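Report on the structure given below.
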Amino acid sequence: MDFTFAQEQEDLRDAVRSFLRKRAGADARRELLHTGYAFDREVWRSMARDLGLQTLTVPEERGGSGAGFLESMIVFEEMGRELFSGPFFSTVLATWVLDASASDAANTALQQVADGDLVLTAAIADESGTWSAPGTATRAVATPDGHRVTGAKARVTDLPVADAFVVWAQTAEGPSWFLAPAGADGVEAIAEESLDLARPIGTLRLTDTPATLIVGPGQAAAVRESVDTRACVALAAELVGTAQAALDQSVEWSKSRHQFGRPIGSFQALKHLCADALVEVEAARVLTHYAAWAIAAGQAEAPVLASMAKQAAADAAAQAAGNNIQIHGGIGATWEHEAHLWLRRAKASGALFGSPRQHRARISDLLSA
Amino acid sequence: MDFTFAQEQEDLRDAVRSFLRKRAGADARRELLHTGYAFDREVWRSMARDLGLQTLTVPEERGGSGAGFLESMIVFEEMGRELFSGPFFSTVLATWVLDASASDAANTALQQVADGDLVLTAAIADESGTWSAPGTATRAVATPDGHRVTGAKARVTDLPVADAFVVWAQTAEGPSWFLAPAGADGVEAIAEESLDLARPIGTLRLTDTPATLIVGPGQAAAVRESVDTRACVALAAELVGTAQAALDQSVEWSKSRHQFGRPIGSFQALKHLCADALVEVEAARVLTHYAAWAIAAGQAEAPVLASMAKQAAADAAAQAAGNNIQIHGGIGATWEHEAHLWLRRAKASGALFGSPRQHRARISDLLSA
Amino acid sequence: MNPVFSTPVQEFQREFAEFLRQVLPAGWAGSGALPHDEFPAFAADLRRALYEGGYLGVDWPTEYGGRGLTPEHQVAVAEQLTRMKLPQTSLSDVFGMQMFGSTVLAFGTEEQKHRFLPGILSGEVKWCQGYSEPQSGSDLASVSTAAVRGADGWHIDGQKIWTGTAHLADWIFALVRTDPEAPKHRGLTLLACPLRQPGIEIRQIRQMWGEAEFNEVFFTDAVTADDNVIGGVNNGWRVATALLEHERGGAAAVLAVRFEEELDRLCELAREHRRDQDSDIRQRIAWCRARVLAMKLLGYKALTRSLRGQPIGAEAAMTKLYWSEYHVVLTDLAMDILGDEALVLRGRRPALADGPDAPGAPTDSAGWITTFLTSRSSRIYAGTNQIQRTLLAESILGMPREPRPA
Amino acid sequence: MNPVFSTPVQEFQREFAEFLRQVLPAGWAGSGALPHDEFPAFAADLRRALYEGGYLGVDWPTEYGGRGLTPEHQVAVAEQLTRMKLPQTSLSDVFGMQMFGSTVLAFGTEEQKHRFLPGILSGEVKWCQGYSEPQSGSDLASVSTAAVRGADGWHIDGQKIWTGTAHLADWIFALVRTDPEAPKHRGLTLLACPLRQPGIEIRQIRQMWGEAEFNEVFFTDAVTADDNVIGGVNNGWRVATALLEHERGGAAAVLAVRFEEELDRLCELAREHRRDQDSDIRQRIAWCRARVLAMKLLGYKALTRSLRGQPIGAEAAMTKLYWSEYHVVLTDLAMDILGDEALVLRGRRPALADGPDAPGAPTDSAGWITTFLTSRSSRIYAGTNQIQRTLLAESILGMPREPRPA
């Protein structure tokens, strides 16, 4: 029985945390609030070249670090804690698809990601579909020059900064994964106003866009399921980090802010708010760590564990971030204060890849309760 | 605009409260816990003869006081507050049915109730049915000697002490109301273990039991709907009283009990528990008063208002009674302490004539949301 | 008990409805259906029409420009506005009419009433409120902005925060410390002070949903005349707390009508998302229905009390707690119904950042998401809900205060 | 990270399962399926079989009768018992083995270990716990039961309350005041004391669900020998709080297995009532599923820590808070599913009044309703959840203590 991380895993966590604090921490969040979203390619490259984070789970022979999903989960937790506002989730999500393909195109793209020169995202959900719908109205037609893809993809994360997309599209033989560069013909990337200020989002319209088949119908559905499961746990990990950050901020503020001649943290009402949030964060954390372990260990129940982790982490983050605003009082409801960033992230990532309600419905379906 | 009671109504409340405190208050509850349920016919008779409570809304010419439903509601609130353990709700419920009938049998029975000599109850729900099912598997057959009723009625309140029942049964022409004495042929009253110690409950089996037709098919369904609506508001009023009693007890205890060198009521955690309960009780109270007014004023929306009041009062009572046990600590979880009486009442009356969930479903149905 | 408007008030309300129908354009779909940038001008026009029609401050005495009617008439006006999908005049009026106006009526001198009230009613003079300070949020009695009496009136130095609409206002009523030696609650005074003077600087504060409704107001030797003391020197705590009850208690019944309209819109949203037959959603909507009705009835109860000249007192805290916690639940439900669409703000933003969106608003995600954010601030402003709960426990339930620290 | 039992423990668990299969009758349906009055005898027989098979106290050192295995083996034993629908020995063992046994192992003298532990393990000597007093519930450090040293040992006077199973016990371990002059926490001592003596009177307390699991214990010049001090005179606070952590922390993973079984039964209840396709009920069941798993994992985390010899500390409060609040929600859900049937207690009552009913229990309303009532007491005993929250906030989050009263 061992429910702790190995020393190397703890070291990885420390390295990521100190990198993010230094290069993408409170200052970056302040900038985000004052001047809006701006993607720092410098930080991105350093993250890839110095730490290898973008291709952490990609095999070494393909330019990655060959680490397991547990390591990946640790990184996501730290990303959520600092609210890193680069396209990390989107890019890593896409590498999971690419990693399932032995094609040259995949090889090349993975190497570019490893070098920090390529930002990816995954275009999966249709405008009208829910995250879990396996089908898609986006069509890919084989032509003598390769495939052409036509359709509209909604809620594509980090679309404004992506250099290329992996796209979930229907061929005559079944759903498949394609890779298309942002500059290809017929690509229209429509930016939208994202609830999450640190994660821009958009709608992607493709019209007869030339795209490379990455994973064909034989394997694509299995890759989709595996990517969905990983995405849920990655988001759960981010949300656990976000919840922890919001809780930490509440506690810090409650120690320093004085009203009625004493620190407000000495009032029981705030203590109990924080204690309840603490318990929820801890519970979400163990569920997330366990789901990540299950993915890494190839356990068959990983999908239902991912749903459990996702809904718990989303609720915990919304609770901790909501409390944080409440505990800060007036100042916590201002634009200038980063408290709303945590709440926005909590609700947006809570909805991404399935809301808590959708995941609870899925848990009941999977356990046929 | 006037959302208060008239002076005579306030006087009625005071009179009922002081009667119950004296004759059926804390001592009666202590006895209930120590020696079990025992129905005091003395108190019952005095309640009828001195205060006229059992036939408050029955017209004067039929032996009653001719008051309106608002007055009735006030009495129920006080009954719930003292947890009066006589068959008051059951008897009054039955008088509403009798009052809709001009028959001699109804006249006689109402007079006996007014004299405190007759305890009634209503047998409505079938074993397998929900409270709101209009149909019934209980059959009434016309014979030359009058009707014979056969069937099983579940969750009949105060069955062990009832002298007669009004019964909801199906005739060839449609559902109707019958009156049958407890001593009639084929009557089997099966006592059950009631969650609510102050309100015994049982199953009533009738086999070819002679019974008097009270309200026939033409009118019976309308009477049923009106009785259901009144029953919900009567129970809501009881529950508001119960919630208030539990809250009052919490507050009293929190002032006198000391821990850590101060009254426990000075701790914010308990203050906030009590404040939240207070708000819920007040909200349930205004909903209940409003629903009662709507019944008295013949407003068409009374049924949906009754559902709103019932679910709010049930939730408020469960919350206040649950808090009360928590605030009392160990002593509050003992048999000797009356705290559990309030919780038992809250949950049992919450389920009687429809649980909060059932009423919320009904609200959505009625408002076609 | 007769919890409906009295016959004369019903008649008055019908007249008012007729008046509004005359004023409104044909095919009126509600102020929430107006393009976002047309809303302020529309609201200003409406206010002018109401003023000229004699429907503002109907419960104020006639000598100060009112119509001398009852608070019941006033609630009927406000309710009718919402029923016809119109806004409640403006946020400035909340501060000017409901709060400062009521305070002057209760505590002002005859001269002050004549001087201040007509301008408030006509809209010529706009007011804002200066209570909170950066170090005095929940603990209002600790305000440190100081006023010292000089030959030419009071000289004010310090800083106020969360002063809604200060950037649009002409005057501020501010709680200031006039006796630094007296115990905390005893040395305070409520001062009216003109805003457009060199000693005052106003800085807007942007809220988390992107709009800037609040301000910081900096006083650097700002001056106001002697006769602008409201309710007596060093009597500010009593005046201010009475005023806070106006802020909290009065409008619950009217607010409930706005919440009703919002809940109808939520049902429409559920239908659009095909969640209207889902039992989880139906349970939650039904729960909301009962809460909104209870809110209205709590308002009716408070109105009855005020018609009888009884004080509202700490029960105003109950209404504030009830509606603001309700709104957090309601907007969470909206986010749940939106599902994936809660990720992106599409369509129209709310015209109002306080409680429900304007009546007739569309079901766009931008509206619901923004309201979700604003609902979080409703639990904070006008006293955090933690403070309200403590107040209720101590004032209504009589639970013991915390022991003083050693 | 490898959050499963290690290979040797898995093997040990398989052996144990085999052992149990030998012991159990054919067609075993769970201890919850036994007639109510057969349960105590069955549990006693099972305990004897476990003791004789060497499966009690497997993590205790061999010199005191244990098997010298790890806490992981102990959890595997407990988990297997539940998986095979068996009870966790008895409530007496909670006090004897888990609480007093662990404390003697940690704080006792070598002589005390040899004297006390084998009898606890064999079941020959049963223990109960004397901590709370009528005036010392949440505020444990204020206990006033006094012990004075005389020539023949300690003389004890006072009263303890909530002493579970005292009516069945031979000994009590009691927190008593031995230095009335010292500050509150400093003058306490943990004393072991034989119960069957003239100076002790035991009165059973009936709980709100009708059973009497707790007692009052009255000490009137009761005597215990000098060598029954555990962990040193006036060191009782430290010993007692360490012991409370054993009460709270240890068994979360095992408890979760019981909750899993209970949740399966709730799903069965939902099917019986045709509520299993209702989305409101399904949402709530799914929420429960995740909570039960989290409970198990919190237990695994605590187990990992204890395998590494790290203290569990205040995190034990987290587990207690988590499971007891969960159980209130779960039993509310059961009442909701029962609907009208929640009015009447029909069928079998629970065999256990602490947490979920015995595994294999039927879905009878008497079981669910009683568990609904017992769940309310779980939020109180072993420290109210209010106390747990304060403890978590102060110990884990480092939030400031309340100022001392003046």
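Identifiers for the structure tokens are assigned positionally: chains receive A, B, ... in sequence, residues are indexed from 1 per chain, and ligands are indexed from 1 in the order shown.
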
Provide as an MDAnalysis selection string the residues of chain A at most 10 Å from chain C, counting only C-alpha atoms. chainID A and resid 33 125 127:131 154:155 157 192:196 200:202 257:262 269:270 322:323 325:341 343:345 347:358

Counting only C-alpha atoms, which residues of chain C come no farther than 12 Å from chain D, as a PyMOL selection string? chain C and resi 275+277-284+401-406

Produce a table with one row for each residue of chain B that has an atom at most 8 Å from any atom of chain A, each row naming the nearest atom pair and its distance in Å at one decimal; use only C-alpha atoms; arrange rows by chain and rising residue number; format as a Markdown table.
```
| residue | atom | partner | partner_atom | distance |
| --- | --- | --- | --- | --- |
| B:Phe267 | CA | A:Gln268 | CA | 7.2 |
| B:Gln268 | CA | A:Gln268 | CA | 5.6 |
| B:Ala269 | CA | A:Ala269 | CA | 5.7 |
| B:His272 | CA | A:Ala269 | CA | 7.6 |
```

Skip Glu8 in chain A itself and residues of its chain fewer than 4 positions away, then list as a list in words all residues within 12 Å of it, counting only C-alpha atoms.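 Selected residues are Thr4, Leu12, Arg13, Asp14, Ala15, Ala67, Leu70, Glu71 and Ile74 of chain A; Met1 of chain D.
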
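When CA of Gly68 in chain B is paired with CA of Trp96 in chain B, their separation reads 11.9 Å.
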